[in-house]
Amino acid sequence: MSCITRSTSVRRFNIRRIAIIGAGPTGLAAAKYLLAEKAFETIDIFEQQSEIGGIWNYIPNIVDSVPVPQTTSHGPPEKPIWPEGASAPLFLNPMYDHLNTNIPKDLMSFSDQEFPAESLLFPTRQDVQAYLVKYSQDVRHRILFSTQVQGIQLCIEDNQERWDLASVSTITNEASLRTYDSVVIANGHYSVPFIPLVPGIEAFHSEYPSIITHSKFFRSPTPFTDKKVIVVGSSASGLDIGTQISLVCKKPLVNSMRTSPPFKLGQENKEEVPPIAEFLIDDRAVRFGDGRIEKDIDAIVYCTGYLYSYPFLKSLDPPVVTNGRRVRGCYQQLFNTLHPTLAFIALSQKIIPFPISEVQGAAIAKVWANKLELPPKDEMELWEKKRIEEAGDGTSFHVLGYPKDAEYINGLHHWVKSSTVGSGKEPAFWGEKKLWMRERYAEIRKKFVETGGHATSMEELGFYFGSSS
């Protein structure tokens with residue numbers, strides 16, 4: 001992370017009331033750091049589900065239609081779905097039946113709460129959700145459950161930014177309007193699936209509406225039993241979902257990808273092919289980039305990620321999202337440059353999200369409490385311009401990976417600690433052992449899977465900090 005310069009033009013905030021959108025892990029972490037600063041009167045957390053956890057709060061697949069293609073993130077807030085007999089409506093998320101994290105628990109955890117010793121080294125989704133429920137206990141009374149944010153409108157009062165937040169109860173449909181001095185956006189970026197516009201895909205989907213789906217709607221490999229399946233994508237979800245399906249589908253599973261992943265699973269049941277170049281209605285087929293045609297396809301699962309989407313911010317001008325590939329006007333992946341009373345948390349990809357949300361929460365708390373100063377607007381805009389030159393103007397803008405994520409965490413840590421006013425909550429920091437784990441975690445994960453997925457520590461797999469492993 002580049003050095004954050006001190007401002008030569010001090011901007012003073014007058015923040016007393018804060019809204020946090022989302023009670024997933026990042027929203028919970030932000031709330032704890034804001035509370036620890038002891039500088040704010042009101043901190044409300046808005047959560048449209050009836051429980052905390054974000055993507056870790058498992059929801060069965062309750063949707064039977066998939067928009068194909070899906071290339072825009074613009075649209076209204078998600079509609080609540082009422083399963084039969086439910087006491088509160090649900091909103092679909094990407095969590096599936098059998099999922100272990102791809103991050104070891106000692107690296108994944110918040111700095112002030114460890115996973116139980118008996119948890120697997122790469123915990124199950126159930127263990128992560130239980131961990132988050134425990135983590136949420138001291139802020140649950142601040143959460144407005146089953147409350148969906150419909151719109152957030154900027155207004156100026158006495159030269160101060162204010163935010164009018166309109167919300168609705170998803171149970172009673174009762175509408176509310178509250179005003180806040182600042183807003184933290186922590187609703188994640190796993191709501192709007194991205195399915196690319198490929199020649200012929202619309203006509204193909206119209207003819208065969210049940211074939212194309214997205215990883216967001218995957219729950220179990222069972223529906224793919226004895227079917228000819230193509231999985232598109234080679235990221236973490238594509239790798240894991242493809243492996244699960246490959247055990248039950250017709251062999252081999254066809255894995256369409258742009259680049260071959262360095263870490264592979266279940267390759268004995270998979271065949272790597274180039275990206276799909278065209279959909280062919282005749283013979284229920286696709287043509288790949290190398291000219292090969294695959295016929296009689298039963299299912300195609302797109303594991304192609306998601307678009308950034310904030311339908312409740314549609315009134316902002318300029319918009320924070322245009323094509324859904326990144327958040328615009330965002331300094332240090334965190335503060336809105338035009339309106340720094342608006343902050344986004346955990347936008348980055350290929351990161352370890354829990355500790356990043358901690359250090360970001362700490363930075364937000366210090367800045368809004370006037371204990372740290374942001375640089376002038378032109379310097380923040382220059383940072384964004386340089387980031388675009390370095391990483392591009394699409395999703396790669398938010399991609400960190402190792403070692404950039406480590407530099408980001410420790411850089412924000414040092415900036416937060418440079419404040420000599422007040423104490424607050426200690427921000428995350430990666431020492432030598434955390435850096436060692438981060439550098440090797442894909443290798444550790446591979447060994448975990450190869451040995452049956454039962455280890456509860458790295459040492460069981462032969463990885464010892466300080467050794468040559």
# chains A, B, ... in the order shown; residues from 1 in each chain; ligands from 1
>>> select_by_dssp(residues="segment 310-392 of chain A", states="alpha helix (DSSP H)", output="MDAnalysis selection string")
chainID A and resid 353:368 377:391
>>> residues_around(residues="segment 153-162 of chain A", least_positions_apart="2", cutoff="7 Å", atoms="only C-alpha atoms", output="count of residues only")
8
>>> closest_residue(among="A:Leu461, A:Thr26, A:Pro376, A:Ala369", to="Gly424 of chain A", atoms="only C-alpha atoms")
A:Ala369
>>> residues_around(residues="segment 347-353 of chain A", least_positions_apart="2", cutoff="10 Å", atoms="only C-alpha atoms", output="ChimeraX atom specification")
/A:25-26,103,107-110,185-189,235-236,308,326-327,330,333-334,344-345,355-358,395-406,408-409,438
>>> write_last_selection(atoms="C-alpha atoms", output="mmCIF file, in the first residue's frame")
data_model
loop_
_atom_site.group_PDB
_atom_site.id
_atom_site.type_symbol
_atom_site.label_atom_id
_atom_site.label_comp_id
_atom_site.auth_asym_id
_atom_site.auth_seq_id
_atom_site.Cartn_x
_atom_site.Cartn_y
_atom_site.Cartn_z
ATOM 1 C CA PRO A 25 -18.273 -10.226 8.850
ATOM 2 C CA THR A 26 -17.086 -6.906 7.411
ATOM 3 C CA ILE A 103 -8.053 -19.967 3.915
ATOM 4 C CA LEU A 107 -4.971 -16.626 8.907
ATOM 5 C CA MET A 108 -8.684 -16.118 8.318
ATOM 6 C CA SER A 109 -9.730 -15.220 11.856
ATOM 7 C CA PHE A 110 -10.322 -11.827 13.392
ATOM 8 C CA ILE A 185 -21.200 0.193 2.834
ATOM 9 C CA ALA A 186 -20.522 -3.399 3.937
ATOM 10 C CA ASN A 187 -23.048 -5.395 1.917
ATOM 11 C CA GLY A 188 -20.373 -7.337 0.034
ATOM 12 C CA HIS A 189 -20.095 -7.922 -3.696
ATOM 13 C CA SER A 235 -11.161 -19.274 -9.637
ATOM 14 C CA ALA A 236 -11.780 -20.678 -6.156
ATOM 15 C CA TYR A 308 -20.387 -4.533 -7.810
ATOM 16 C CA ARG A 326 -15.302 -1.634 -9.922
ATOM 17 C CA VAL A 327 -16.260 1.137 -7.492
ATOM 18 C CA CYS A 330 -12.688 5.353 -4.107
ATOM 19 C CA GLN A 333 -10.205 1.039 -1.716
ATOM 20 C CA LEU A 334 -12.043 2.666 1.176
ATOM 21 C CA PHE A 344 -16.801 1.071 1.411
ATOM 22 C CA ILE A 345 -15.334 -1.885 3.256
ATOM 23 C CA PRO A 355 -8.378 -8.857 8.942
ATOM 24 C CA ILE A 356 -8.724 -6.352 6.082
ATOM 25 C CA SER A 357 -12.157 -5.343 7.362
ATOM 26 C CA GLU A 358 -10.649 -4.863 10.827
ATOM 27 C CA THR A 395 -12.198 -5.564 -11.734
ATOM 28 C CA SER A 396 -8.399 -5.731 -11.537
ATOM 29 C CA PHE A 397 -8.538 -2.299 -9.859
ATOM 30 C CA HIS A 398 -9.705 -4.113 -6.714
ATOM 31 C CA VAL A 399 -7.511 -7.213 -7.035
ATOM 32 C CA LEU A 400 -4.653 -7.276 -4.546
ATOM 33 C CA GLY A 401 -3.345 -10.798 -3.966
ATOM 34 C CA TYR A 402 -0.121 -11.547 -2.102
ATOM 35 C CA PRO A 403 2.016 -9.616 -1.178
ATOM 36 C CA LYS A 404 -0.062 -6.513 -1.947
ATOM 37 C CA ASP A 405 -2.776 -7.503 0.541
ATOM 38 C CA ALA A 406 -0.162 -7.860 3.275
ATOM 39 C CA TYR A 408 -2.181 -2.975 2.467
ATOM 40 C CA ILE A 409 -3.028 -4.420 5.902
ATOM 41 C CA ARG A 438 -0.285 -16.155 3.569
#
>>> residues_around(residues="Val286 of chain A", least_positions_apart="3", cutoff="8 Å", atoms="only C-alpha atoms", output="list in words")
Ile276, Ala277, Glu278, Phe279, Leu280, Ile293, Glu294 and Lys295 of chain A
>>> residues_around(residues="segment 441-450 of chain A", least_positions_apart="5", cutoff="12 Å", atoms="only C-alpha atoms", output="ChimeraX atom specification")
/A:100-108,120-123,236,239-240,243,261-266,350-352,402,433-436,455-464,469
>>> residues_around(residues="segment 44-53 of chain A", least_positions_apart="6", cutoff="9 Å", atoms="only C-alpha atoms", output="VMD selection string")
chain A and resid 17 to 25 27 to 28 31 80 88 to 91 128 to 130 132 to 133 136 139 to 140 142 to 149 167 169 to 170 187
>>> closest_residue(among="A:Val192, A:Ile201, A:Ile388, A:Val301", to="Gly233 of chain A", atoms="only C-alpha atoms")
A:Val301
>>> select_by_dssp(residues="segment 53-167 of chain A", states="strand (DSSP E)", output="VMD selection string")
chain A and resid 143 to 144 147 to 157 160 to 167
>>> write_last_selection(atoms="N, CA and C atoms", output="PDB file, in the first residue's frame")
ATOM      1  N   ILE A 143     -28.337  -4.150  15.528  1.00  0.00           N
ATOM      2  CA  ILE A 143     -28.681  -4.610  14.188  1.00  0.00           C
ATOM      3  C   ILE A 143     -30.190  -4.536  13.973  1.00  0.00           C
ATOM      4  N   LEU A 144     -30.595  -3.932  12.873  1.00  0.00           N
ATOM      5  CA  LEU A 144     -31.996  -3.926  12.457  1.00  0.00           C
ATOM      6  C   LEU A 144     -32.166  -5.074  11.470  1.00  0.00           C
ATOM      7  N   THR A 147     -34.426  -5.839   7.569  1.00  0.00           N
ATOM      8  CA  THR A 147     -34.640  -4.448   7.174  1.00  0.00           C
ATOM      9  C   THR A 147     -33.789  -4.162   5.942  1.00  0.00           C
ATOM     10  N   GLN A 148     -34.444  -3.872   4.847  1.00  0.00           N
ATOM     11  CA  GLN A 148     -33.734  -3.646   3.586  1.00  0.00           C
ATOM     12  C   GLN A 148     -33.604  -2.153   3.312  1.00  0.00           C
ATOM     13  N   VAL A 149     -32.383  -1.729   2.993  1.00  0.00           N
ATOM     14  CA  VAL A 149     -32.146  -0.335   2.620  1.00  0.00           C
ATOM     15  C   VAL A 149     -32.609  -0.133   1.182  1.00  0.00           C
ATOM     16  N   GLN A 150     -33.520   0.806   1.001  1.00  0.00           N
ATOM     17  CA  GLN A 150     -34.091   1.080  -0.320  1.00  0.00           C
ATOM     18  C   GLN A 150     -33.367   2.204  -1.045  1.00  0.00           C
ATOM     19  N   GLY A 151     -32.921   3.195  -0.294  1.00  0.00           N
ATOM     20  CA  GLY A 151     -32.246   4.321  -0.922  1.00  0.00           C
ATOM     21  C   GLY A 151     -31.486   5.148   0.092  1.00  0.00           C
ATOM     22  N   ILE A 152     -30.372   5.728  -0.360  1.00  0.00           N
ATOM     23  CA  ILE A 152     -29.572   6.618   0.480  1.00  0.00           C
ATOM     24  C   ILE A 152     -29.358   7.901  -0.315  1.00  0.00           C
ATOM     25  N   GLN A 153     -29.826   9.015   0.236  1.00  0.00           N
ATOM     26  CA  GLN A 153     -29.813  10.295  -0.477  1.00  0.00           C
ATOM     27  C   GLN A 153     -28.898  11.274   0.243  1.00  0.00           C
ATOM     28  N   LEU A 154     -27.956  11.857  -0.506  1.00  0.00           N
ATOM     29  CA  LEU A 154     -27.053  12.855   0.055  1.00  0.00           C
ATOM     30  C   LEU A 154     -27.762  14.197   0.158  1.00  0.00           C
ATOM     31  N   CYS A 155     -27.574  14.865   1.298  1.00  0.00           N
ATOM     32  CA  CYS A 155     -28.059  16.232   1.447  1.00  0.00           C
ATOM     33  C   CYS A 155     -27.021  17.029   2.229  1.00  0.00           C
ATOM     34  N   ILE A 156     -27.051  18.337   2.092  1.00  0.00           N
ATOM     35  CA  ILE A 156     -26.090  19.202   2.772  1.00  0.00           C
ATOM     36  C   ILE A 156     -26.839  20.088   3.758  1.00  0.00           C
ATOM     37  N   GLU A 157     -26.404  20.054   5.023  1.00  0.00           N
ATOM     38  CA  GLU A 157     -26.989  20.890   6.060  1.00  0.00           C
ATOM     39  C   GLU A 157     -25.873  21.621   6.791  1.00  0.00           C
ATOM     40  N   GLN A 160     -22.438  20.648   6.061  1.00  0.00           N
ATOM     41  CA  GLN A 160     -22.077  19.295   6.458  1.00  0.00           C
ATOM     42  C   GLN A 160     -22.881  18.292   5.638  1.00  0.00           C
ATOM     43  N   GLU A 161     -22.202  17.208   5.246  1.00  0.00           N
ATOM     44  CA  GLU A 161     -22.901  16.150   4.518  1.00  0.00           C
ATOM     45  C   GLU A 161     -23.795  15.361   5.470  1.00  0.00           C
ATOM     46  N   ARG A 162     -24.999  15.085   5.012  1.00  0.00           N
ATOM     47  CA  ARG A 162     -25.921  14.219   5.724  1.00  0.00           C
ATOM     48  C   ARG A 162     -26.476  13.201   4.739  1.00  0.00           C
ATOM     49  N   TRP A 163     -26.908  12.072   5.264  1.00  0.00           N
ATOM     50  CA  TRP A 163     -27.420  11.008   4.413  1.00  0.00           C
ATOM     51  C   TRP A 163     -28.789  10.572   4.909  1.00  0.00           C
ATOM     52  N   ASP A 164     -29.800  10.763   4.069  1.00  0.00           N
ATOM     53  CA  ASP A 164     -31.145  10.292   4.393  1.00  0.00           C
ATOM     54  C   ASP A 164     -31.274   8.848   3.921  1.00  0.00           C
ATOM     55  N   LEU A 165     -31.566   7.969   4.848  1.00  0.00           N
ATOM     56  CA  LEU A 165     -31.603   6.537   4.561  1.00  0.00           C
ATOM     57  C   LEU A 165     -33.032   6.026   4.661  1.00  0.00           C
ATOM     58  N   ALA A 166     -33.551   5.563   3.533  1.00  0.00           N
ATOM     59  CA  ALA A 166     -34.901   4.994   3.495  1.00  0.00           C
ATOM     60  C   ALA A 166     -34.796   3.479   3.555  1.00  0.00           C
ATOM     61  N   SER A 167     -35.547   2.869   4.444  1.00  0.00           N
ATOM     62  CA  SER A 167     -35.507   1.415   4.601  1.00  0.00           C
ATOM     63  C   SER A 167     -36.927   0.889   4.745  1.00  0.00           C
TER      64      SER A 167
END
>>> closest_residue(among="A:Gln70, A:Asn323, A:Thr222, A:Ser176", to="Val198 of chain A", atoms="only C-alpha atoms")
A:Gln70
>>> closest_residue(among="A:Ala175, A:Ala428, A:Ala391, A:Val421", to="Gln360 of chain A", atoms="only C-alpha atoms")
A:Ala428
>>> residues_around(residues="Lys228 of chain A", least_positions_apart="2", cutoff="8 Å", atoms="only C-alpha atoms", output="PyMOL selection string")
chain A and resi 224+226+230+249-251+253+296-299
>>> write_last_selection(atoms="all heavy atoms", output="compact mmCIF listing (two decimals), in the first residue's frame")
# COMPACT_ATOMS: atom_id res chain seq x y z
N PHE A 224 -26.50 -32.77 -11.03
CA PHE A 224 -25.65 -32.94 -12.22
C PHE A 224 -25.25 -34.40 -12.45
O PHE A 224 -24.44 -34.69 -13.32
CB PHE A 224 -24.40 -32.07 -12.08
CG PHE A 224 -24.71 -30.60 -11.91
CD1 PHE A 224 -24.81 -30.04 -10.64
CD2 PHE A 224 -24.93 -29.80 -13.02
CE1 PHE A 224 -25.11 -28.70 -10.49
CE2 PHE A 224 -25.23 -28.45 -12.87
CZ PHE A 224 -25.33 -27.90 -11.60
N ASP A 226 -24.70 -37.87 -13.75
CA ASP A 226 -24.76 -38.52 -15.07
C ASP A 226 -25.07 -37.54 -16.20
O ASP A 226 -25.53 -37.94 -17.27
CB ASP A 226 -25.79 -39.66 -15.08
CG ASP A 226 -25.41 -40.78 -14.13
OD1 ASP A 226 -24.20 -41.02 -13.96
OD2 ASP A 226 -26.32 -41.40 -13.56
N ILE A 230 -20.40 -28.52 -18.38
CA ILE A 230 -19.30 -27.57 -18.59
C ILE A 230 -19.31 -26.61 -17.41
O ILE A 230 -20.35 -26.02 -17.08
CB ILE A 230 -19.46 -26.78 -19.90
CG1 ILE A 230 -19.44 -27.72 -21.10
CG2 ILE A 230 -18.35 -25.73 -20.04
CD1 ILE A 230 -19.74 -27.02 -22.42
N CYS A 249 -20.84 -36.35 -12.46
CA CYS A 249 -21.29 -36.12 -13.83
C CYS A 249 -20.64 -37.12 -14.78
O CYS A 249 -19.80 -37.93 -14.40
CB CYS A 249 -20.98 -34.69 -14.27
SG CYS A 249 -19.22 -34.36 -14.52
N LYS A 250 -21.04 -37.05 -16.06
CA LYS A 250 -20.36 -37.84 -17.08
C LYS A 250 -18.90 -37.40 -17.16
O LYS A 250 -18.60 -36.21 -17.14
CB LYS A 250 -21.03 -37.66 -18.43
CG LYS A 250 -22.40 -38.34 -18.55
CD LYS A 250 -22.97 -38.15 -19.95
CE LYS A 250 -24.34 -38.83 -20.07
NZ LYS A 250 -24.94 -38.62 -21.42
N LYS A 251 -17.99 -38.35 -17.26
CA LYS A 251 -16.57 -38.04 -17.30
C LYS A 251 -16.12 -37.81 -18.75
O LYS A 251 -16.58 -38.49 -19.66
CB LYS A 251 -15.77 -39.19 -16.69
CG LYS A 251 -16.21 -39.61 -15.30
CD LYS A 251 -16.00 -38.50 -14.27
CE LYS A 251 -16.27 -39.00 -12.86
NZ LYS A 251 -17.66 -39.35 -12.59
N LEU A 253 -15.56 -33.95 -16.74
CA LEU A 253 -16.16 -32.63 -16.67
C LEU A 253 -15.35 -31.70 -17.56
O LEU A 253 -14.12 -31.71 -17.53
CB LEU A 253 -16.17 -32.11 -15.24
CG LEU A 253 -16.66 -30.67 -15.05
CD1 LEU A 253 -17.67 -30.58 -13.93
CD2 LEU A 253 -15.52 -29.71 -14.79
N ASP A 296 -24.55 -31.94 -27.25
CA ASP A 296 -25.42 -32.64 -26.29
C ASP A 296 -25.10 -32.26 -24.85
O ASP A 296 -24.98 -33.11 -23.97
CB ASP A 296 -25.31 -34.15 -26.49
CG ASP A 296 -25.70 -34.58 -27.89
OD1 ASP A 296 -26.69 -34.02 -28.40
OD2 ASP A 296 -25.02 -35.45 -28.45
N ILE A 297 -25.00 -30.97 -24.61
CA ILE A 297 -24.66 -30.47 -23.28
C ILE A 297 -25.92 -30.45 -22.41
O ILE A 297 -26.99 -30.00 -22.84
CB ILE A 297 -24.07 -29.05 -23.37
CG1 ILE A 297 -22.77 -29.09 -24.17
CG2 ILE A 297 -23.82 -28.47 -21.99
CD1 ILE A 297 -22.35 -27.74 -24.66
N ASP A 298 -25.77 -30.91 -21.18
CA ASP A 298 -26.90 -30.94 -20.24
C ASP A 298 -26.88 -29.76 -19.27
O ASP A 298 -27.95 -29.34 -18.79
CB ASP A 298 -26.88 -32.24 -19.43
CG ASP A 298 -27.04 -33.47 -20.32
OD1 ASP A 298 -27.99 -33.49 -21.12
OD2 ASP A 298 -26.21 -34.40 -20.21
N ALA A 299 -25.70 -29.25 -18.95
CA ALA A 299 -25.62 -28.17 -17.95
C ALA A 299 -24.34 -27.37 -18.16
O ALA A 299 -23.29 -27.92 -18.47
CB ALA A 299 -25.66 -28.73 -16.54
>>> closest_residue(among="A:Gly466, A:Pro340, A:Gly75, A:Pro209", to="Met437 of chain A", atoms="only C-alpha atoms")
A:Gly466
>>> atom_distance(atom1="atom CA of Val232 of chain A", atom2="atom CA of Ile55 of chain A")
21.4 Å
